[in-house]
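File shown: data-v5.txt (compact mmCIF, C-alpha atoms).
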```
# COMPACT_ATOMS: atom_id res chain seq x y z
CA MET A 180 -0.21 4.50 -14.69
CA PHE A 181 -1.21 4.50 -11.03
CA VAL A 182 -3.75 1.79 -10.17
CA ASP A 183 -4.64 1.41 -6.52
CA THR A 184 -7.64 -0.99 -6.54
CA ALA A 185 -8.27 -4.36 -8.13
CA ILE A 186 -10.94 -7.09 -7.95
CA ILE A 187 -9.57 -10.60 -8.47
CA THR A 188 -10.43 -14.24 -7.82
CA VAL A 189 -7.77 -16.60 -6.50
CA LYS A 190 -8.05 -20.39 -6.49
CA ALA A 191 -5.60 -22.71 -4.83
CA GLY A 192 -4.90 -26.04 -6.50
CA ASP A 193 -7.04 -29.07 -5.72
CA GLY A 194 -5.35 -32.07 -4.17
CA GLY A 195 -4.88 -35.07 -6.44
CA ASN A 196 -6.83 -38.33 -6.03
CA GLY A 197 -5.43 -41.40 -4.34
CA HIS A 198 -4.87 -44.49 -6.52
CA ILE A 199 -6.18 -48.06 -6.21
CA SER A 200 -3.95 -50.81 -7.51
CA PHE A 201 -2.44 -54.16 -6.44
CA ARG A 202 1.04 -55.44 -6.88
CA ARG A 203 1.17 -58.29 -9.38
CA GLU A 204 4.61 -59.44 -10.44
CA LYS A 205 5.98 -62.65 -11.84
CA PHE A 206 7.55 -64.99 -9.32
CA ILE A 207 6.02 -63.03 -6.45
CA PRO A 208 3.29 -65.28 -5.02
CA LYS A 209 1.75 -62.72 -2.72
CA GLY A 210 0.87 -59.29 -4.01
CA GLY A 211 -0.72 -56.47 -2.12
CA PRO A 212 -2.14 -52.95 -2.33
CA SER A 213 0.22 -50.57 -4.11
CA GLY A 214 -1.88 -47.51 -4.92
CA GLY A 215 0.10 -44.35 -4.10
CA ASP A 216 -1.01 -41.20 -2.32
CA ALA A 217 -1.68 -38.04 -4.32
CA GLY A 218 0.10 -34.71 -4.20
CA LYS A 219 -1.29 -31.59 -2.54
CA GLY A 220 -2.46 -28.58 -4.54
CA GLY A 221 -0.39 -25.43 -4.82
CA SER A 222 -1.24 -22.42 -2.66
CA VAL A 223 -1.73 -18.79 -3.73
CA ILE A 224 0.81 -16.59 -1.97
CA PHE A 225 1.17 -12.81 -1.84
CA VAL A 226 4.76 -11.55 -1.74
CA CYS A 227 5.63 -7.92 -1.02
CA ASP A 228 7.82 -6.53 -3.81
CA ASP A 229 9.69 -3.32 -2.99
CA GLY A 230 10.03 -2.57 -6.70
CA LEU A 231 6.27 -2.19 -7.19
CA SER A 232 4.22 0.93 -6.51
CA THR A 233 0.85 0.12 -8.14
CA LEU A 234 -1.60 -2.74 -8.65
CA PHE A 235 -1.44 -2.28 -12.43
CA ASP A 236 -0.50 -5.93 -13.05
CA PHE A 237 -3.95 -7.00 -11.80
CA ARG A 238 -5.92 -4.67 -14.04
CA PHE A 239 -6.52 -7.01 -16.98
CA GLU A 240 -6.28 -10.50 -15.53
CA ARG A 241 -8.92 -11.27 -12.91
CA THR A 242 -8.54 -15.00 -12.13
CA TYR A 243 -5.42 -16.62 -10.69
CA GLU A 244 -5.13 -20.38 -10.17
CA ALA A 245 -2.36 -22.45 -8.61
CA GLU A 246 -1.46 -25.89 -9.97
CA PRO A 247 -3.46 -28.93 -8.77
CA GLY A 248 -1.70 -31.87 -7.17
CA GLN A 249 -1.01 -34.95 -9.28
CA ASN A 250 -2.90 -38.19 -8.74
CA GLY A 251 -1.24 -41.14 -7.06
CA ALA A 252 -0.12 -44.06 -9.24
CA ALA A 253 0.62 -47.77 -9.08
CA LYS A 254 3.73 -49.20 -7.43
CA GLN A 255 3.27 -46.84 -4.48
CA GLN A 256 4.11 -43.80 -6.59
CA HIS A 257 3.27 -40.55 -4.85
CA GLY A 258 1.69 -37.84 -7.00
CA GLY A 259 3.68 -34.62 -7.32
CA ASP A 260 2.64 -31.48 -5.41
CA GLY A 261 1.21 -28.60 -7.42
CA LYS A 262 3.37 -25.46 -7.71
CA ASP A 263 2.48 -22.49 -5.56
CA LEU A 264 1.32 -19.36 -7.38
CA ILE A 265 3.24 -16.23 -6.33
CA LEU A 266 1.45 -12.89 -6.68
CA ARG A 267 3.71 -9.87 -6.18
CA VAL A 268 2.18 -6.73 -4.69
CA PRO A 269 3.55 -3.44 -3.34
CA ALA A 270 3.90 -2.74 0.35
CA GLY A 271 0.74 -1.25 1.80
CA THR A 272 -1.67 -3.53 -0.08
CA LEU A 273 -4.87 -4.27 1.83
CA VAL A 274 -6.49 -7.61 1.00
CA PHE A 275 -10.27 -7.70 1.54
CA ASN A 276 -12.79 -10.50 1.13
CA ASN A 277 -14.88 -8.97 -1.63
CA ASP A 278 -17.95 -11.01 -0.66
CA THR A 279 -18.05 -9.97 3.00
CA GLY A 280 -16.00 -6.78 3.00
CA ASP A 281 -13.77 -8.09 5.79
CA LEU A 282 -10.10 -7.14 5.86
CA ILE A 283 -8.03 -10.31 5.58
CA HIS A 284 -4.51 -8.91 5.70
CA ASP A 285 -2.42 -5.77 5.44
CA ILE A 286 0.75 -6.63 3.53
CA GLN A 287 3.84 -4.94 4.89
CA LYS A 288 7.37 -4.52 3.57
CA GLY A 289 9.26 -7.80 3.20
CA GLU A 290 6.21 -9.90 4.05
CA THR A 291 4.93 -13.15 2.52
CA PHE A 292 1.31 -14.18 3.11
CA THR A 293 -0.59 -17.30 2.01
CA ILE A 294 -4.06 -16.17 0.97
CA ALA A 295 -5.47 -19.50 -0.32
CA LYS A 296 -4.21 -22.92 0.76
CA GLY A 297 -3.99 -25.82 -1.62
CA GLY A 298 -6.08 -28.94 -0.98
CA LYS A 299 -4.55 -32.01 0.58
CA GLY A 300 -3.89 -34.98 -1.66
CA GLY A 301 -5.99 -38.12 -1.31
CA PHE A 302 -4.72 -41.44 0.05
CA GLY A 303 -4.13 -44.46 -2.16
CA ASN A 304 -5.20 -47.91 -1.07
CA GLU A 305 -1.66 -48.73 0.03
CA HIS A 306 -2.24 -46.24 2.85
CA PHE A 307 -5.05 -48.33 4.35
CA LYS A 308 -3.34 -51.74 4.54
CA SER A 309 -2.81 -53.39 7.87
CA SER A 310 -2.28 -56.84 9.31
CA THR A 311 -6.03 -57.33 9.50
CA TYR A 312 -6.95 -55.47 6.35
CA GLN A 313 -4.62 -56.76 3.69
CA THR A 314 -6.56 -56.02 0.52
CA PRO A 315 -8.11 -52.57 0.89
CA ARG A 316 -10.01 -51.46 -2.17
CA GLU A 317 -10.51 -47.88 -1.23
CA ALA A 318 -8.82 -44.57 -1.91
CA THR A 319 -9.78 -41.00 -1.07
CA PRO A 320 -10.20 -38.05 -3.41
CA GLY A 321 -8.16 -34.91 -2.96
CA GLU A 322 -9.49 -31.90 -1.09
CA LYS A 323 -10.56 -28.82 -2.98
CA GLY A 324 -8.27 -25.82 -2.87
CA GLU A 325 -9.58 -22.60 -1.36
CA THR A 326 -11.27 -20.09 -3.67
CA LEU A 327 -11.67 -16.43 -2.69
CA ASN A 328 -13.00 -13.30 -4.33
CA LEU A 329 -10.69 -10.50 -3.27
CA ARG A 330 -10.57 -6.74 -3.40
CA LEU A 331 -7.06 -5.29 -3.30
CA GLU A 332 -6.52 -1.71 -2.19
CA LEU A 333 -3.19 0.06 -2.06
CA LYS A 334 -2.41 2.62 0.58
CA LEU A 335 0.77 4.49 -0.19
CA ILE A 336 3.45 4.30 2.46
CA ALA A 337 5.16 7.66 2.81
CA ASP A 338 6.76 9.67 5.60
CA VAL A 339 5.04 12.92 4.65
CA GLY A 340 1.70 13.57 2.96
CA LEU A 341 1.07 16.85 1.12
CA LEU A 342 -2.47 18.13 1.64
CA GLY A 343 -4.24 21.19 0.35
CA LYS A 344 -6.88 22.54 -1.97
CA PRO A 345 -6.49 22.24 -5.72
CA ASN A 346 -3.88 24.70 -7.00
CA ALA A 347 -2.26 25.07 -3.58
CA GLY A 348 1.07 24.19 -5.23
CA LYS A 349 1.54 20.60 -4.03
CA SER A 350 2.80 19.26 -7.37
CA THR A 351 5.20 22.17 -7.77
CA LEU A 352 6.54 21.59 -4.26
CA LEU A 353 6.96 17.84 -4.82
CA ALA A 354 8.87 18.50 -8.05
CA ALA A 355 11.08 21.05 -6.29
CA LEU A 356 11.88 18.74 -3.36
CA THR A 357 12.28 15.45 -5.24
CA ARG A 358 12.95 13.97 -8.66
CA ALA A 359 9.29 13.23 -9.21
CA ASN A 360 7.68 14.67 -12.35
CA PRO A 361 4.04 15.33 -11.51
CA LYS A 362 1.84 17.20 -13.94
CA ILE A 363 1.90 20.93 -13.16
CA ALA A 364 -0.65 23.37 -14.58
CA SER A 365 -2.61 26.46 -13.56
CA TYR A 366 -5.99 24.71 -13.34
CA PRO A 367 -7.47 22.58 -10.53
CA PHE A 368 -7.08 18.79 -10.31
CA THR A 369 -3.94 18.50 -12.41
CA THR A 370 -2.99 15.68 -10.00
CA LEU A 371 -5.39 12.83 -10.69
CA SER A 372 -3.54 10.16 -8.70
CA PRO A 373 -1.13 10.17 -5.73
CA GLN A 374 2.50 10.84 -6.60
CA LEU A 375 5.54 9.66 -4.64
CA GLY A 376 8.94 11.28 -4.47
CA ILE A 377 12.08 10.93 -2.34
CA ALA A 378 13.63 14.13 -1.00
CA GLU A 379 17.29 14.13 0.03
CA VAL A 380 17.95 16.26 3.08
CA ASP A 381 21.62 15.41 2.62
CA GLY A 382 23.66 12.40 1.53
CA GLN A 383 22.51 10.30 4.50
CA ARG A 384 18.94 11.44 5.15
CA ARG A 385 15.95 10.88 2.88
CA ILE A 386 12.23 11.56 3.22
CA VAL A 387 9.47 9.85 1.20
CA ILE A 388 6.81 12.40 0.26
CA ALA A 389 3.35 11.73 -1.22
CA ASP A 390 1.39 14.36 -3.12
CA ILE A 391 -2.30 13.64 -2.57
CA PRO A 392 -4.87 14.99 -5.09
CA GLY A 393 -6.50 18.24 -4.04
CA LEU A 394 -9.34 18.06 -1.52
CA ILE A 395 -12.57 20.01 -1.77
CA GLU A 396 -15.48 20.41 0.59
CA GLY A 397 -17.40 17.14 0.89
CA ALA A 398 -14.39 14.95 0.02
CA ALA A 399 -15.06 12.61 2.96
CA GLN A 400 -18.53 11.95 1.50
CA GLY A 401 -17.23 11.33 -2.01
CA ALA A 402 -17.06 14.79 -3.60
CA GLY A 403 -14.28 15.53 -6.07
CA LEU A 404 -11.18 13.34 -6.07
CA GLY A 405 -10.47 13.44 -2.35
CA HIS A 406 -12.69 10.53 -1.26
CA GLU A 407 -10.80 8.18 -3.58
CA PHE A 408 -7.40 9.11 -2.17
CA LEU A 409 -7.90 10.19 1.46
CA ARG A 410 -6.94 6.67 2.56
CA HIS A 411 -3.41 7.20 1.22
CA VAL A 412 -2.81 9.83 3.89
CA ASP A 413 -3.58 7.32 6.68
CA ARG A 414 -0.10 5.78 6.60
CA THR A 415 1.87 9.02 6.56
CA ARG A 416 3.61 10.03 9.75
CA VAL A 417 3.48 13.80 9.27
CA LEU A 418 1.05 15.94 7.27
CA VAL A 419 2.13 19.03 5.37
CA HIS A 420 -0.89 21.27 4.99
CA LEU A 421 -0.11 23.56 2.07
CA LEU A 422 -1.87 26.94 2.09
CA ASP A 423 -1.80 29.55 -0.66
CA LEU A 424 -1.45 32.91 1.12
CA GLN A 425 -3.31 34.72 -1.67
CA PRO A 426 -5.45 32.19 -3.60
CA GLU A 427 -6.19 33.11 -7.21
CA ASP A 428 -9.87 32.27 -6.73
CA GLY A 429 -10.17 34.95 -4.02
CA SER A 430 -10.93 32.44 -1.29
CA ASP A 431 -9.83 32.93 2.31
CA PRO A 432 -6.76 30.81 3.24
CA ILE A 433 -8.06 30.56 6.80
CA GLU A 434 -11.40 29.11 5.67
CA ASN A 435 -9.56 26.83 3.24
CA TYR A 436 -7.52 25.46 6.11
CA LYS A 437 -10.58 24.85 8.28
CA MET A 438 -12.38 23.09 5.42
CA ILE A 439 -9.52 20.63 4.84
CA ARG A 440 -9.23 19.95 8.57
CA GLU A 441 -12.94 19.16 8.75
CA GLU A 442 -12.65 16.70 5.86
CA LEU A 443 -9.80 14.94 7.69
CA ARG A 444 -11.86 14.77 10.87
CA GLN A 445 -14.85 13.26 9.06
CA HIS A 446 -12.66 10.68 7.34
CA SER A 447 -10.72 9.52 10.40
CA GLN A 448 -10.09 10.87 13.89
CA ALA A 449 -6.65 9.22 13.85
CA LEU A 450 -5.84 11.09 10.65
CA TYR A 451 -7.15 14.34 12.12
CA ASP A 452 -4.86 13.89 15.15
CA LYS A 453 -1.65 13.36 13.15
CA ARG A 454 1.17 15.83 13.58
CA GLU A 455 0.75 18.62 11.04
CA LEU A 456 3.05 21.30 9.71
CA VAL A 457 1.33 24.25 8.03
CA VAL A 458 3.31 25.46 5.02
CA LEU A 459 2.40 28.87 3.65
CA ASN A 460 3.21 28.72 -0.04
CA LYS A 461 3.74 31.17 -2.91
CA ILE A 462 5.31 33.90 -0.80
CA ASP A 463 7.19 35.01 -3.94
CA LEU A 464 3.89 36.38 -5.26
CA ILE A 465 3.81 38.90 -2.40
CA PRO A 466 6.97 40.95 -3.03
CA ASP A 467 6.30 43.51 -0.28
CA LYS A 468 7.96 42.07 2.83
CA ALA A 469 5.81 44.02 5.28
CA GLU A 470 2.57 42.89 3.60
CA ARG A 471 3.82 39.29 3.47
CA GLU A 472 4.67 39.24 7.18
CA LYS A 473 1.32 40.81 8.00
CA LEU A 474 -0.53 38.05 6.13
CA ILE A 475 1.54 35.33 7.82
CA LYS A 476 0.88 36.74 11.28
CA LYS A 477 -2.84 37.05 10.52
CA VAL A 478 -3.08 33.38 9.47
CA CYS A 479 -1.18 32.25 12.56
CA ARG A 480 -3.29 34.38 14.87
CA GLU A 481 -6.63 33.27 13.39
CA LEU A 482 -5.66 29.58 13.40
CA GLU A 483 -3.85 29.76 16.77
CA LEU A 484 -0.62 28.47 15.28
CA ARG A 485 2.90 29.21 16.50
CA ILE A 486 5.20 30.67 13.86
CA ASP A 487 8.30 29.12 15.40
CA ARG A 488 6.86 25.59 15.55
CA ASP A 489 3.66 25.00 13.57
CA VAL A 490 4.21 27.15 10.46
CA ILE A 491 6.87 27.74 7.83
CA ALA A 492 6.64 30.07 4.82
CA ILE A 493 8.08 28.97 1.47
CA SER A 494 7.82 29.24 -2.28
CA GLY A 495 7.88 25.97 -4.18
CA ALA A 496 8.20 27.70 -7.55
CA ALA A 497 11.03 30.02 -6.46
CA ARG A 498 12.60 27.31 -4.25
CA THR A 499 12.59 29.62 -1.25
CA ASN A 500 13.10 28.12 2.23
CA LEU A 501 12.98 24.53 0.94
CA ASN A 502 16.10 23.43 2.85
CA ALA A 503 14.60 24.79 6.04
CA LEU A 504 11.37 22.89 5.28
CA LEU A 505 13.23 19.60 4.82
CA GLU A 506 15.16 20.10 8.05
CA ARG A 507 11.92 20.83 9.89
CA LEU A 508 10.29 17.71 8.47
CA TRP A 509 13.29 15.56 9.38
CA LYS A 510 13.09 16.74 12.99
CA GLU A 511 9.38 15.96 13.09
CA LEU A 512 10.01 12.46 11.74
CA ASN A 513 13.09 11.77 13.85
CA PRO A 514 12.79 13.59 17.19
CA ALA A 515 15.32 11.18 18.74
CA ASP A 516 18.10 12.67 16.58
CA GLU A 517 17.97 15.89 18.56
CA VAL A 518 18.06 14.05 21.88
CA GLU A 519 21.03 11.94 20.80
CA GLY A 520 22.87 14.93 19.36
CA TRP A 521 22.84 13.73 15.74
CA LYS A 522 24.06 16.29 13.24
CA SER A 523 24.02 16.20 9.47
CA PRO A 524 27.33 16.19 7.56
CA ALA A 525 26.48 19.69 6.28
CA THR A 526 26.45 21.15 9.81
CA THR A 527 29.59 19.36 11.02
CA ALA A 528 31.79 20.24 8.03
```
Translate this file's structure into structure tokens.
Amino acid sequence: MFVDTAIITVKAGDGGNGHISFRREKFIPKGGPSGGDAGKGGSVIFVCDDGLSTLFDFRFERTYEAEPGQNGAAKQQHGGDGKDLILRVPAGTLVFNNDTGDLIHDIQKGETFTIAKGGKGGFGNEHFKSSTYQTPREATPGEKGETLNLRLELKLIADVGLLGKPNAGKSTLLAALTRANPKIASYPFTTLSPQLGIAEVDGQRRIVIADIPGLIEGAAQGAGLGHEFLRHVDRTRVLVHLLDLQPEDGSDPIENYKMIREELRQHSQALYDKRELVVLNKIDLIPDKAEREKLIKKVCRELELRIDRDVIAISGAARTNLNALLERLWKELNPADEVEGWKSPATTA
């Protein structure tokens, strides 16, 4: 199950209390303060775990507490420190203060972040002794550990994001390019949550692809499923805008394209400005080559797109032109390869 939001409360451990005691031993005529200092409380720490892809582990448990520090003891015994609490989250997790709405941290791959610090331990009376103050009868309590109400949000980290209207063929394309097994059906909104897959261009090159649930008009304002998942596209480096050349609902592919672009613009200008490759899908459903080419040229002309750079025609179901699509995406993601003369093993064999 894909879970990409969670509301939790974290509490770091309180510091232990300092101890008051005096040394009294047989045959020792002069005693003295011997109350030990206390241990500090454990902290709550987020650790990025590459093996995780959802926030499912936080769905049922809402409160997380680290261990408190132990109190000091007689004979100058220091209280033990409380154990830190480790919370493992996937890369791309945004940590918000749920009370203020402020973003606290964006957890990246391989990162460790302390979200709540444990309280310091108190001092025992042994800590206060001096040449002029030989019998202190005071100790300090431990500090309270930090407590925070948090909202966790996961933004998928992928190289390529698949966009398009419901039934544009995104799930079929993801299944054809990768080993992912998204739900595929002939009705809208079969994809209810983002899906990730890894496409192999060849033995050395891989592309992480995210299939984002279909967008409809008004998605940026909360209509349909798009508002819930638009944020997952923010981290992608290249957008694949999938267009059905002849939609079953009779809609105009040109107007469909413009609608999706407007939703991106309303959600984020940075998202709107991302590099985009328009992929014309389901060309196998137009068997007449002349008619197919006429439709492709019409779309390119109306949208002012260049066939040789901005557009590629494929069929996800028939697996037509998929190798060419992957090569095009790799070049978009790694433009330096061309400059440095990198060639895949397939082309150098």
Self-check item: A:Gly259, A:Ile294, A:Lys205, A:Thr272 ranked by distance to A:Lys190, top pick (using all atoms listed in the file)
Solution: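 So, comparing all the options, the nearest one is A:Ile294.
Here atom CA of A:Ser222 and atom CA of A:Arg238 stand 21.6 Å from one another.
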Self-check item: Atomic distance atom CA of A:Val380 - atom CA of A:Leu505, expressed in Å with one decimal
Solution: 6.0 Å
Quiz item: Could you pull the residues within 9 Å of A:Gly261, counting all atoms listed in the file, minus those fewer than 4 positions along the same chain, as a ChimeraX atom specification?
Solution: /A:192-195,218-222,245-249,297
Quiz item: Around (3.9, 14.3, 9.1) in the file's frame, which residues reach within 7 Å when counting all atoms listed in the file? Return as a PyMOL selection string?
Solution: chain A and resi 338-340+415-419+453-455+511-512
Quiz item: When distances are computed from only C-alpha atoms, which of A:Gly495, A:Gly429, A:Pro514, A:Gly214 shows the smallest separation from A:Lys349?
Solution: A:Gly495
Sort by chain and increasing residue number a table of all residues of stretch 207-256 of chain A within 7 Å of stretch 285-292 of chain A, each with its closest pair of atoms and their distance in Å to one decimal, counting all atoms listed in the file, and write it as a Markdown table.
```
| residue | atom | partner | partner_atom | distance |
| --- | --- | --- | --- | --- |
| A:Ile224 | CA | A:Phe292 | CA | 5.6 |
| A:Phe225 | CA | A:Phe292 | CA | 5.1 |
| A:Val226 | CA | A:Thr291 | CA | 4.6 |
| A:Cys227 | CA | A:Glu290 | CA | 5.5 |
```
Self-check item: Interatomic distance (Å, one decimal) between atom CA of A:Arg316 and atom CA of A:Ala191
Solution: 29.2 Å
Quiz item: Using only C-alpha atoms, which of A:Pro315, A:Gln255, A:Leu329, A:Gly321 sits nearest A:Phe237?
Solution: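 Selected residue with least distance to A:Phe237: A:Leu329.
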Practice problem: Measuring atom to atom with all atoms listed in the file, identify which of A:Gln425, A:Thr242, A:Leu356, A:Val387 is nearest to A:Ala503. | Solution: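 Comparing A:Gln425, A:Thr242, A:Leu356, A:Val387 against A:Ala503, the winner is A:Leu356.
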Under the rule of at most 9 Å, produce a per-residue listing of stretch 482-512 of chain A near stretch 463-471 of chain A: chain, number, name, the closest pair of atoms, and the distance in Å, as a Markdown table, using all atoms listed in the file.
```
| residue | atom | partner | partner_atom | distance |
| --- | --- | --- | --- | --- |
| A:Ile493 | CA | A:Asp463 | CA | 8.2 |
| A:Ser494 | CA | A:Asp463 | CA | 6.0 |
| A:Ala496 | CA | A:Asp463 | CA | 8.2 |
| A:Ala497 | CA | A:Asp463 | CA | 6.8 |
| A:Thr499 | CA | A:Asp463 | CA | 8.1 |
```
Quiz item: Of the candidates A:Leu459, A:Asp260, A:Ile336, A:Arg480, which one gets nearest to A:Leu231 if we count all atoms listed in the file?
Solution: A:Ile336
Quiz item: Which of these, A:Asn500, A:Thr319, A:Asn277, A:Ser200, has the shortest distance to A:Ala217 once you count all atoms listed in the file?
Solution: A:Thr319
Self-check item: Neighbour list for stretch 183-185 of chain A as a list of chain:residue names, cut-off 7 Å, only C-alpha atoms, skip fewer than 2 positions in-chain
Solution: A:Phe181, A:Ile187, A:Thr233, A:Leu234, A:Phe237, A:Arg238, A:Arg330, A:Leu331, A:Glu332, A:Leu333
